[in-house]
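Here is the structure we will look at, set down as structure tokens.
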Amino acid sequence: MNKDNIILIGMPGAGKSTVGVVLAKKLGYAFVDSDLVIQSREGKLLHEIIEERGIEAFWSVEEDANASIDVHRTVIATGGSVVYGRRAMEHLKQIGVVVYLRLSCDAIADRLGDLNERGVTLREGQGLTELYAERVPMYEEYADVTIECEGFSIREIVEHVCKCVM
């Protein structure tokens, strides 16, 4: 199996899609946003899937979509909840280098608007702080490389990723 892809994981608002596009251009790679793959497959926006089916069903849809990605020389920006799908994460680790874009909870809160509109999967009564505390250990577990993004520009983050994975 070829590990010629770069998979970006991290909290919603961490910059996975933005960094992913710039990184792909710099490397001459293709770019895939797995949230867009899900929306295309389902014919619905993320928040519509969550509202209609609930977060557990959404995670199942997300896991199936990510586990089926078959690309080469591609930067893949995943949704923040991808780490709930073990099968998807094992597949992504097989096909590429998993890079965790780390930001503080405060920085994430500053970047995010309406969590529901963004399709962020929150359990009943769960806030951003609890979600952050729940997910960070999973991001750290799956990451091959962790990139600190606090206080760095997109260009600087892309350079850090390149140094660490190429």
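In the structure tokens, chains take letters A, B, ... by order of appearance, with residues numbered from 1 within each chain and ligands from 1 in the order shown.
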#### Entry: Non-local contacts of Asp64 in chain A (12 Å; only C-alpha atoms; under 5 positions in same chain excluded) as a PyMOL selection string
chain A and resi 34-35+37-38+41-42+57-59+69+82+84-89+91-92
Using the selection just defined, write its residues with N, CA and C atoms as a PDB file, in the first residue's frame.
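What ended up in out19.pdb:
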```
ATOM      1  N   SER A  34     -12.968  15.748   2.991  1.00  0.00           N
ATOM      2  CA  SER A  34     -13.865  14.616   3.237  1.00  0.00           C
ATOM      3  C   SER A  34     -15.276  15.061   3.620  1.00  0.00           C
ATOM      4  N   ASP A  35     -15.441  16.252   4.185  1.00  0.00           N
ATOM      5  CA  ASP A  35     -16.788  16.757   4.453  1.00  0.00           C
ATOM      6  C   ASP A  35     -17.559  16.935   3.145  1.00  0.00           C
ATOM      7  N   VAL A  37     -16.976  15.211   0.409  1.00  0.00           N
ATOM      8  CA  VAL A  37     -17.246  13.847  -0.064  1.00  0.00           C
ATOM      9  C   VAL A  37     -18.551  13.351   0.566  1.00  0.00           C
ATOM     10  N   ILE A  38     -18.698  13.566   1.867  1.00  0.00           N
ATOM     11  CA  ILE A  38     -19.915  13.141   2.581  1.00  0.00           C
ATOM     12  C   ILE A  38     -21.137  13.859   2.013  1.00  0.00           C
ATOM     13  N   ARG A  41     -22.003  12.479  -1.416  1.00  0.00           N
ATOM     14  CA  ARG A  41     -22.578  11.125  -1.341  1.00  0.00           C
ATOM     15  C   ARG A  41     -24.002  11.140  -0.813  1.00  0.00           C
ATOM     16  N   GLU A  42     -24.263  12.009   0.159  1.00  0.00           N
ATOM     17  CA  GLU A  42     -25.568  12.035   0.829  1.00  0.00           C
ATOM     18  C   GLU A  42     -26.556  13.017   0.193  1.00  0.00           C
ATOM     19  N   ALA A  57     -25.502   8.296  13.787  1.00  0.00           N
ATOM     20  CA  ALA A  57     -25.684   7.913  12.384  1.00  0.00           C
ATOM     21  C   ALA A  57     -24.758   8.729  11.480  1.00  0.00           C
ATOM     22  N   PHE A  58     -24.586  10.015  11.812  1.00  0.00           N
ATOM     23  CA  PHE A  58     -23.655  10.838  11.036  1.00  0.00           C
ATOM     24  C   PHE A  58     -22.242  10.262  11.112  1.00  0.00           C
ATOM     25  N   TRP A  59     -21.818   9.877  12.324  1.00  0.00           N
ATOM     26  CA  TRP A  59     -20.472   9.315  12.470  1.00  0.00           C
ATOM     27  C   TRP A  59     -20.297   8.050  11.632  1.00  0.00           C
ATOM     28  N   ILE A  69     -12.052   6.336   0.881  1.00  0.00           N
ATOM     29  CA  ILE A  69     -11.220   7.250   0.089  1.00  0.00           C
ATOM     30  C   ILE A  69     -10.020   6.486  -0.464  1.00  0.00           C
ATOM     31  N   VAL A  82     -13.805  12.800  12.532  1.00  0.00           N
ATOM     32  CA  VAL A  82     -13.310  11.586  11.863  1.00  0.00           C
ATOM     33  C   VAL A  82     -12.712  10.590  12.852  1.00  0.00           C
ATOM     34  N   TYR A  84     -13.721   9.496  15.559  1.00  0.00           N
ATOM     35  CA  TYR A  84     -14.673   8.577  16.194  1.00  0.00           C
ATOM     36  C   TYR A  84     -14.806   7.281  15.394  1.00  0.00           C
ATOM     37  N   GLY A  85     -14.321   7.270  14.167  1.00  0.00           N
ATOM     38  CA  GLY A  85     -14.419   6.084  13.306  1.00  0.00           C
ATOM     39  C   GLY A  85     -13.097   5.342  13.238  1.00  0.00           C
ATOM     40  N   ARG A  86     -12.938   4.305  14.048  1.00  0.00           N
ATOM     41  CA  ARG A  86     -11.678   3.552  14.093  1.00  0.00           C
ATOM     42  C   ARG A  86     -11.305   2.968  12.727  1.00  0.00           C
ATOM     43  N   ARG A  87     -12.302   2.393  12.029  1.00  0.00           N
ATOM     44  CA  ARG A  87     -12.028   1.787  10.714  1.00  0.00           C
ATOM     45  C   ARG A  87     -11.520   2.841   9.732  1.00  0.00           C
ATOM     46  N   ALA A  88     -12.131   4.014   9.752  1.00  0.00           N
ATOM     47  CA  ALA A  88     -11.702   5.102   8.870  1.00  0.00           C
ATOM     48  C   ALA A  88     -10.285   5.545   9.215  1.00  0.00           C
ATOM     49  N   MET A  89      -9.998   5.704  10.493  1.00  0.00           N
ATOM     50  CA  MET A  89      -8.667   6.167  10.899  1.00  0.00           C
ATOM     51  C   MET A  89      -7.592   5.127  10.574  1.00  0.00           C
ATOM     52  N   HIS A  91      -7.705   3.045   8.078  1.00  0.00           N
ATOM     53  CA  HIS A  91      -7.545   3.151   6.625  1.00  0.00           C
ATOM     54  C   HIS A  91      -6.686   4.370   6.263  1.00  0.00           C
ATOM     55  N   LEU A  92      -7.004   5.528   6.853  1.00  0.00           N
ATOM     56  CA  LEU A  92      -6.261   6.751   6.538  1.00  0.00           C
ATOM     57  C   LEU A  92      -4.792   6.620   6.931  1.00  0.00           C
TER      58      LEU A  92
END
```
### Task
Could you please write out, as number ranges by chain, every residue of chain A that DSSP assigns to helix (DSSP H, G or I)?
A: 16-27, 34-42, 46-53, 55-67, 82-84, 86-95, 105-111, 128-142, 154-165
### Query
Which polymer residues have any atom within 12 Å of an atom of range 138-144 of chain A, counting only C-alpha atoms, with same-chain residues fewer than 4 positions away left out, as a ChimeraX atom specification?
/A:6-11,78-94,96-103,131-134,161,164-165
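Our summary of the geometry notes that CA of Leu46 in chain A is positioned 17.6 Å from CA of Gly15 in chain A.
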### Message
One number please: CA of Lys16 in chain A to CA of Ile49 in chain A, in Å, one decimal.
### Response
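These two atoms are separated by 21.2 Å.
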### Task
Name all residues at most 9 Å from Ala109 in chain A (count only C-alpha atoms; drop same-chain ones fewer than 6 positions away) and give them as a list in words.
Gly13, Leu128 and Thr129 of chain A
What does the file look like for those residues with all heavy atoms, as an mmCIF file, in the first residue's frame?
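Written output follows (again.cif):
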```cif
data_model
loop_
_atom_site.group_PDB
_atom_site.id
_atom_site.type_symbol
_atom_site.label_atom_id
_atom_site.label_comp_id
_atom_site.auth_asym_id
_atom_site.auth_seq_id
_atom_site.Cartn_x
_atom_site.Cartn_y
_atom_site.Cartn_z
ATOM 1 N N GLY A 13 -12.396 24.273 12.728
ATOM 2 C CA GLY A 13 -11.828 25.610 12.843
ATOM 3 C C GLY A 13 -10.319 25.633 12.955
ATOM 4 O O GLY A 13 -9.717 26.707 12.990
ATOM 5 N N LEU A 128 -18.156 23.351 23.711
ATOM 6 C CA LEU A 128 -16.891 23.267 22.994
ATOM 7 C C LEU A 128 -15.751 22.784 23.895
ATOM 8 O O LEU A 128 -14.925 21.972 23.484
ATOM 9 C CB LEU A 128 -16.550 24.624 22.368
ATOM 10 C CG LEU A 128 -15.273 24.652 21.528
ATOM 11 C CD1 LEU A 128 -15.351 23.672 20.354
ATOM 12 C CD2 LEU A 128 -14.997 26.057 21.027
ATOM 13 N N THR A 129 -15.719 23.249 25.139
ATOM 14 C CA THR A 129 -14.640 22.860 26.057
ATOM 15 C C THR A 129 -14.647 21.353 26.306
ATOM 16 O O THR A 129 -13.596 20.704 26.273
ATOM 17 C CB THR A 129 -14.766 23.622 27.395
ATOM 18 O OG1 THR A 129 -14.765 25.023 27.109
ATOM 19 C CG2 THR A 129 -13.621 23.300 28.336
#
```
### Those of range 39-149 of chain A in DSSP strand (DSSP E or B), formatted as a list in words
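Taking range 39-149 of chain A and keeping strand (DSSP E or B) gives Thr74, Val75, Ile76, Ala77, Gly96, Val97, Val98, Val99, Tyr100, Leu101, Arg102, Val145, Thr146, Ile147 and Glu148 of chain A.
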### Task
Find, counting only C-alpha atoms, the residue in A:Leu45, A:Val145, A:Ala14, A:Ile55 that gets nearest to Glu124 in chain A.
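Of all the options, A:Ile55 lies closest to Glu124 in chain A.
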### Message
Excluding Arg73 in chain A and its own-chain neighbours fewer than 4 positions away, which residues fall within 12 Å of it when counting only C-alpha atoms? Please give them as a list in words.
### Response
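Contacts, with the query itself left out: Asn2, Lys3, Asp4, Asn5, Ile6, Ile7, Leu23, Ala24, Lys25, Leu27, Gly28, Tyr29, Ala30, Phe31, Val32, Ile95, Gly96, Val97 and Met166 of chain A.
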### Long-range neighbours of Ser17 in chain A as a list of chain:residue names, 8 Å cut-off, only C-alpha atoms, 4 positions minimum in chain
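Listed by chain and then number, they are A:Val21, A:Asp33, A:Ala77, A:Thr78.
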Got time to write the residues from that selection, N, CA, C and O atoms, as a compact mmCIF listing (two decimals), in the first residue's frame?
```txt
# COMPACT_ATOMS: atom_id res chain seq x y z
N VAL A 21 -5.61 23.01 1.10
CA VAL A 21 -5.59 23.56 -0.27
C VAL A 21 -4.22 24.15 -0.59
O VAL A 21 -3.63 23.88 -1.64
N ASP A 33 -11.56 17.26 0.40
CA ASP A 33 -12.17 17.64 1.67
C ASP A 33 -13.21 16.56 1.97
O ASP A 33 -14.22 16.46 1.26
N ALA A 77 -8.30 16.70 3.80
CA ALA A 77 -8.75 17.42 4.99
C ALA A 77 -9.98 16.68 5.51
O ALA A 77 -10.97 16.54 4.78
N THR A 78 -9.90 16.19 6.73
CA THR A 78 -11.01 15.43 7.30
C THR A 78 -11.90 16.33 8.15
O THR A 78 -11.50 17.42 8.54
```
## Note on the structure
CA of His160 in chain A to CA of Glu148 in chain A measures 8.8 Å
